[in-house]
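Structure below is model_27.tsv: TSV, C-alpha atoms and all ligand atoms.
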```
chain	number	residue	atom	x	y	z
E	178	MET	CA	0.87	13.25	-30.79
E	179	ASP	CA	1.79	14.23	-27.22
E	180	LYS	CA	-1.04	14.09	-24.72
E	181	GLN	CA	-1.28	14.98	-21.05
E	182	ILE	CA	-3.20	13.61	-18.13
E	183	THR	CA	-3.93	16.00	-15.29
E	184	ILE	CA	-4.46	14.73	-11.79
E	185	ASN	CA	-5.92	16.77	-8.98
E	186	TYR	CA	-4.84	16.87	-5.38
E	187	GLU	CA	-5.15	19.21	-2.47
E	188	ALA	CA	-2.14	20.19	-0.35
E	189	ILE	CA	-3.27	20.76	3.22
E	190	GLU	CA	-0.71	22.88	5.00
E	191	ASN	CA	-0.93	21.38	8.45
E	192	TYR	CA	-3.01	19.53	11.04
E	193	ASP	CA	-4.90	22.68	12.08
E	194	HIS	CA	-6.48	22.85	8.62
E	195	LEU	CA	-8.15	19.43	9.05
E	196	ASP	CA	-11.74	19.11	10.21
E	197	ALA	CA	-12.57	17.13	13.37
E	198	MET	CA	-13.03	13.77	11.62
E	199	GLU	CA	-9.85	14.21	9.58
E	200	LYS	CA	-7.94	14.99	12.79
E	201	THR	CA	-9.30	11.80	14.34
E	202	LEU	CA	-8.13	9.78	11.32
E	203	PHE	CA	-4.70	11.43	11.47
E	204	ASP	CA	-4.39	10.68	15.19
E	205	LYS	CA	-5.49	7.06	14.80
E	206	ALA	CA	-3.13	6.43	11.87
E	207	MET	CA	-0.27	7.94	13.91
E	208	ALA	CA	-1.14	5.81	16.95
E	209	ILE	CA	-1.36	2.50	15.09
E	210	ARG	CA	1.86	3.34	13.22
E	211	ASN	CA	3.67	3.22	16.57
E	212	ILE	CA	2.92	-0.49	16.89
E	213	ALA	CA	3.56	-1.46	13.25
E	214	TYR	CA	5.45	-4.73	12.85
E	215	ALA	CA	8.37	-3.57	10.70
E	216	PRO	CA	11.54	-5.09	12.16
E	217	TYR	CA	13.27	-5.43	8.77
E	218	SER	CA	12.76	-2.03	7.13
E	219	ASP	CA	12.13	-0.03	10.30
E	220	PHE	CA	9.78	1.98	8.08
E	221	THR	CA	6.53	2.16	9.98
E	222	VAL	CA	3.20	2.94	8.36
E	223	GLY	CA	-0.23	3.51	9.89
E	224	CYS	CA	-3.56	3.58	8.11
E	225	ALA	CA	-7.06	4.64	9.20
E	226	ILE	CA	-10.19	3.98	7.15
E	227	LEU	CA	-13.49	5.77	7.71
E	228	LEU	CA	-16.62	3.83	6.83
E	229	GLU	CA	-19.96	5.29	5.84
E	230	ASN	CA	-21.44	4.09	9.15
E	231	GLY	CA	-18.88	6.16	11.07
E	232	GLU	CA	-16.69	3.23	12.12
E	233	ILE	CA	-12.95	3.67	11.86
E	234	ILE	CA	-10.72	0.71	11.01
E	235	THR	CA	-6.97	0.95	11.57
E	236	GLY	CA	-3.98	-1.11	10.52
E	237	SER	CA	-0.24	-1.04	10.01
E	238	ASN	CA	2.41	-2.68	7.86
E	239	GLN	CA	3.17	-6.28	8.78
E	240	GLU	CA	6.57	-7.57	7.69
E	241	ASN	CA	7.95	-11.08	7.38
E	242	ALA	CA	11.38	-12.72	7.43
E	243	ALA	CA	10.49	-13.89	3.92
E	244	TYR	CA	10.28	-10.26	2.81
E	245	PRO	CA	7.62	-10.43	0.05
E	246	SER	CA	5.25	-12.22	2.44
E	247	GLY	CA	4.78	-8.99	4.38
E	248	LEU	CA	2.04	-6.50	3.62
E	249	CYS	CA	1.67	-2.71	3.50
E	250	ALA	CA	-0.49	-0.84	6.00
E	251	GLU	CA	-3.04	0.20	3.39
E	252	ARG	CA	-3.70	-3.36	2.19
E	253	THR	CA	-3.67	-4.82	5.71
E	254	THR	CA	-6.37	-2.30	6.61
E	255	ILE	CA	-8.49	-2.33	3.48
E	256	PHE	CA	-8.49	-6.16	3.22
E	257	TYR	CA	-9.61	-6.41	6.85
E	258	THR	CA	-12.32	-3.85	6.06
E	259	GLY	CA	-13.43	-5.73	2.94
E	260	ALA	CA	-13.52	-9.01	4.85
E	261	ASN	CA	-15.46	-7.72	7.85
E	262	PHE	CA	-17.66	-4.98	6.39
E	263	PRO	CA	-18.32	-6.16	2.83
E	264	GLU	CA	-21.54	-4.15	2.49
E	265	VAL	CA	-20.37	-0.89	4.08
E	266	LYS	CA	-18.92	1.84	1.89
E	267	ILE	CA	-15.44	3.18	2.53
E	268	LYS	CA	-15.38	6.98	2.60
E	269	LYS	CA	-11.79	7.92	3.43
E	270	LEU	CA	-8.39	6.28	3.72
E	271	PHE	CA	-5.67	8.06	5.66
E	272	VAL	CA	-2.03	6.89	5.62
E	273	ILE	CA	1.13	8.06	7.31
E	274	GLY	CA	4.53	6.43	6.95
E	275	ALA	CA	8.12	7.29	7.81
E	276	PRO	CA	11.28	5.69	9.16
E	277	ARG	CA	10.55	4.62	12.76
E	278	LYS	CA	12.88	7.10	14.42
E	279	ALA	CA	12.19	10.05	12.11
E	280	THR	CA	10.80	13.22	13.61
E	281	SER	CA	10.23	14.97	10.29
E	282	SER	CA	9.11	13.62	6.90
E	283	VAL	CA	7.32	14.37	3.64
E	284	PRO	CA	3.89	12.91	2.75
E	285	ILE	CA	4.47	9.28	1.63
E	286	PRO	CA	1.96	8.13	-1.02
E	287	PRO	CA	0.56	4.58	-1.22
E	288	CYS	CA	2.71	2.18	-3.27
E	289	GLY	CA	1.53	0.91	-6.64
E	290	ALA	CA	0.18	-2.40	-5.33
E	291	CYS	CA	-1.85	-0.60	-2.65
E	292	ARG	CA	-3.24	1.83	-5.22
E	293	GLN	CA	-4.40	-1.10	-7.34
E	294	SER	CA	-6.02	-2.75	-4.31
E	295	ILE	CA	-7.78	0.44	-3.23
E	296	LEU	CA	-9.01	0.90	-6.82
E	297	GLU	CA	-10.76	-2.48	-6.61
E	298	TYR	CA	-12.80	-1.30	-3.61
E	299	GLU	CA	-13.79	1.93	-5.35
E	300	ALA	CA	-15.02	-0.15	-8.29
E	301	LYS	CA	-16.78	-2.61	-5.96
E	302	GLN	CA	-18.67	0.08	-4.04
E	303	LYS	CA	-19.21	2.29	-7.11
E	304	ASP	CA	-18.20	5.31	-5.09
E	305	GLU	CA	-15.03	7.27	-4.58
E	306	ILE	CA	-12.67	6.91	-1.63
E	307	GLU	CA	-10.86	10.05	-0.49
E	308	ILE	CA	-7.15	9.39	-0.02
E	309	TYR	CA	-5.00	11.32	2.43
E	310	PHE	CA	-1.28	10.85	2.88
E	311	ALA	CA	0.48	12.77	5.57
E	312	SER	CA	3.92	13.73	6.78
E	313	LEU	CA	4.99	13.61	10.42
E	314	ASP	CA	5.02	17.40	10.29
E	315	GLY	CA	1.34	17.50	9.50
E	316	GLU	CA	1.49	18.35	5.80
E	317	ILE	CA	-1.19	16.33	4.04
E	318	PHE	CA	-1.92	15.61	0.40
E	319	LYS	CA	-5.48	14.65	-0.42
E	320	THR	CA	-7.14	13.25	-3.54
E	321	LYS	CA	-10.88	12.85	-4.06
E	322	SER	CA	-10.38	9.40	-5.54
E	323	ILE	CA	-7.66	6.75	-5.88
E	324	ARG	CA	-8.09	7.26	-9.64
E	325	ASP	CA	-6.08	10.47	-9.34
E	326	LEU	CA	-3.13	8.34	-8.22
E	327	VAL	CA	-3.58	5.70	-10.92
E	328	PRO	CA	-3.73	7.15	-14.42
E	329	PHE	CA	-4.42	4.41	-16.99
E	330	SER	CA	-5.72	2.08	-14.30
E	331	PHE	CA	-6.47	-1.56	-15.01
E	332	ASP	CA	-9.82	-2.85	-13.84
E	333	SER	CA	-12.33	-5.62	-14.47
E	334	SER	CA	-13.82	-3.80	-17.45
E	335	TYR	CA	-10.87	-5.11	-19.49
E	336	LEU	CA	-11.34	-8.75	-18.53
E	401	LIG	N1	4.80	0.27	3.11
E	401	LIG	C1	3.49	0.50	3.44
E	401	LIG	O1	3.01	0.03	4.47
E	401	LIG	N2	2.73	1.24	2.59
E	401	LIG	C2	3.18	1.77	1.42
E	401	LIG	O2	2.40	2.31	0.65
E	401	LIG	C3	4.61	1.72	1.11
E	401	LIG	C4	5.44	0.78	1.91
E	401	LIG	C5	5.59	-0.57	3.98
E	401	LIG	C6	6.00	-1.90	3.38
E	401	LIG	C7	7.24	-2.21	4.19
E	401	LIG	O3	6.83	-2.85	5.39
E	401	LIG	C8	7.83	-0.86	4.53
E	401	LIG	O4	6.79	0.08	4.33
E	401	LIG	C9	9.02	-0.47	3.68
E	401	LIG	O5	8.74	-0.57	2.32
```

Show me, as structure tokens, the structure contained in the file I just sent.
Ligand code: THU
Amino acid sequence: MDKQITINYEAIENYDHLDAMEKTLFDKAMAIRNIAYAPYSDFTVGCAILLENGEIITGSNQENAAYPSGLCAERTTIFYTGANFPEVKIKKLFVIGAPRKATSSVPIPPCGACRQSILEYEAKQKDEIEIYFASLDGEIFKTKSIRDLVPFSFDSSYL
């Protein structure tokens, strides 16, 4: 029997359609992206996380000469957040990535490993994290939860 899974996401046309906090997250992700350490791929990614207490944590991808030792912007940022603010809920995660010299792009979604890592924090805090991924042109895709990006997710309930 064929079955379908539907996922929901919102397509936000451009920057002007964001509210003030979303604009701040966009700006901070863009700014930190400019200093990403990505000498091997030259694909730079910035991430901004909004906490329940209003704090914003930012991070970028960090590469390594031994390629797999590097880490994506989303995990750099969410692991720092988990390590330093273990009791504070994460409300939103905003990510923007593109080749360093690009002036135009499409919204780049978090990779599979980052989705799995974000999922862990949703489970830990028992509350959803809104995910935004943006293009350089200001088009933004938004989901209410990482679960929309991970159908058939694996979590601790199976252990
Ligand atoms: N990258 C991220 O930072 N986030 C993603 O979700 C996808 C990929 C980084 C990893 C690597 O430094 C570069 O982009 C190219 O894959």

Non-local contacts of E:Leu270 (8 Å; all atoms listed in the file; under 6 positions in same chain excluded) as a compact mmCIF listing (two decimals) with C-alpha atoms, keeping the file's coordinate frame:
```
# COMPACT_ATOMS: atom_id res chain seq x y z
CA CYS E 224 -3.56 3.58 8.11
CA ALA E 225 -7.06 4.64 9.20
CA ILE E 226 -10.19 3.98 7.15
CA LEU E 227 -13.49 5.77 7.71
CA ILE E 306 -12.67 6.91 -1.63
CA GLU E 307 -10.86 10.05 -0.49
CA ILE E 308 -7.15 9.39 -0.02
CA TYR E 309 -5.00 11.32 2.43
```

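Residues in contact with ligand LIG 401 (chain E) (atom pairs separated by at most 7 Å; all atoms listed in the file) are Ala215, Ser218, Phe220, Thr221, Val222, Ser237, Asn238, Gln239, Glu240, Gly247, Leu248, Cys249, Ala250, Glu251, Gly274, Pro286, Pro287, Cys288 and Cys291 of chain E.
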
*Using only C-alpha atoms, pick whichever of E:Glu264, E:Glu229, E:Glu299, E:Asp204 has the shortest atom-to-atom distance to E:Tyr192.*
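Closest residue, counting only C-alpha atoms: E:Asp204.
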
_Point (-1.1, 6.7, 10.6) neighbourhood (10 Å, all atoms listed in the file) written as a PyMOL selection string_ = chain E and resi 202-211+213+221-225+235-237+250-251+271-275+310-313

_Pairwise distance for atom CA of E:Leu195 and atom CA of E:Ile267, rounded to one decimal in Å_ = 19.0 Å

*Smallest atom-to-atom distance to E:Phe318: which of E:Thr183, E:Val283, E:Leu228, E:Phe256, using only C-alpha atoms?*
E:Val283

*asked:* Given all atoms listed in the file as the basis, pick out the residue of E:Lys303, E:Lys268, E:Lys180, E:Lys319 nearest to E:Ile285.
replied: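 Going through E:Lys303, E:Lys268, E:Lys180, E:Lys319 one by one, the smallest distance to E:Ile285 is for E:Lys319.
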
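Here the question is which of E:Ala290, E:Ala300, E:Ile295, E:Ala188 gets nearest to E:Lys269 using all atoms listed in the file, and that residue is E:Ile295.
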
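Pairwise distance (atom CA of E:Asp304, atom CA of E:Asp196) equals 21.6 Å.
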
*Mind pulling up the distance from atom CA of E:Glu305 to atom CA of E:Ile323?*
7.5 Å

If the box runs along x, y and z of the file and leaves 3 Å on each side of stretch 239-242 of chain E, what are its centre and edge lengths in Å, one decimal, as JSON?
```
{"center_x": 7.3, "center_y": -9.5, "center_z": 8.1, "size_x": 14.2, "size_y": 12.4, "size_z": 7.4}
```
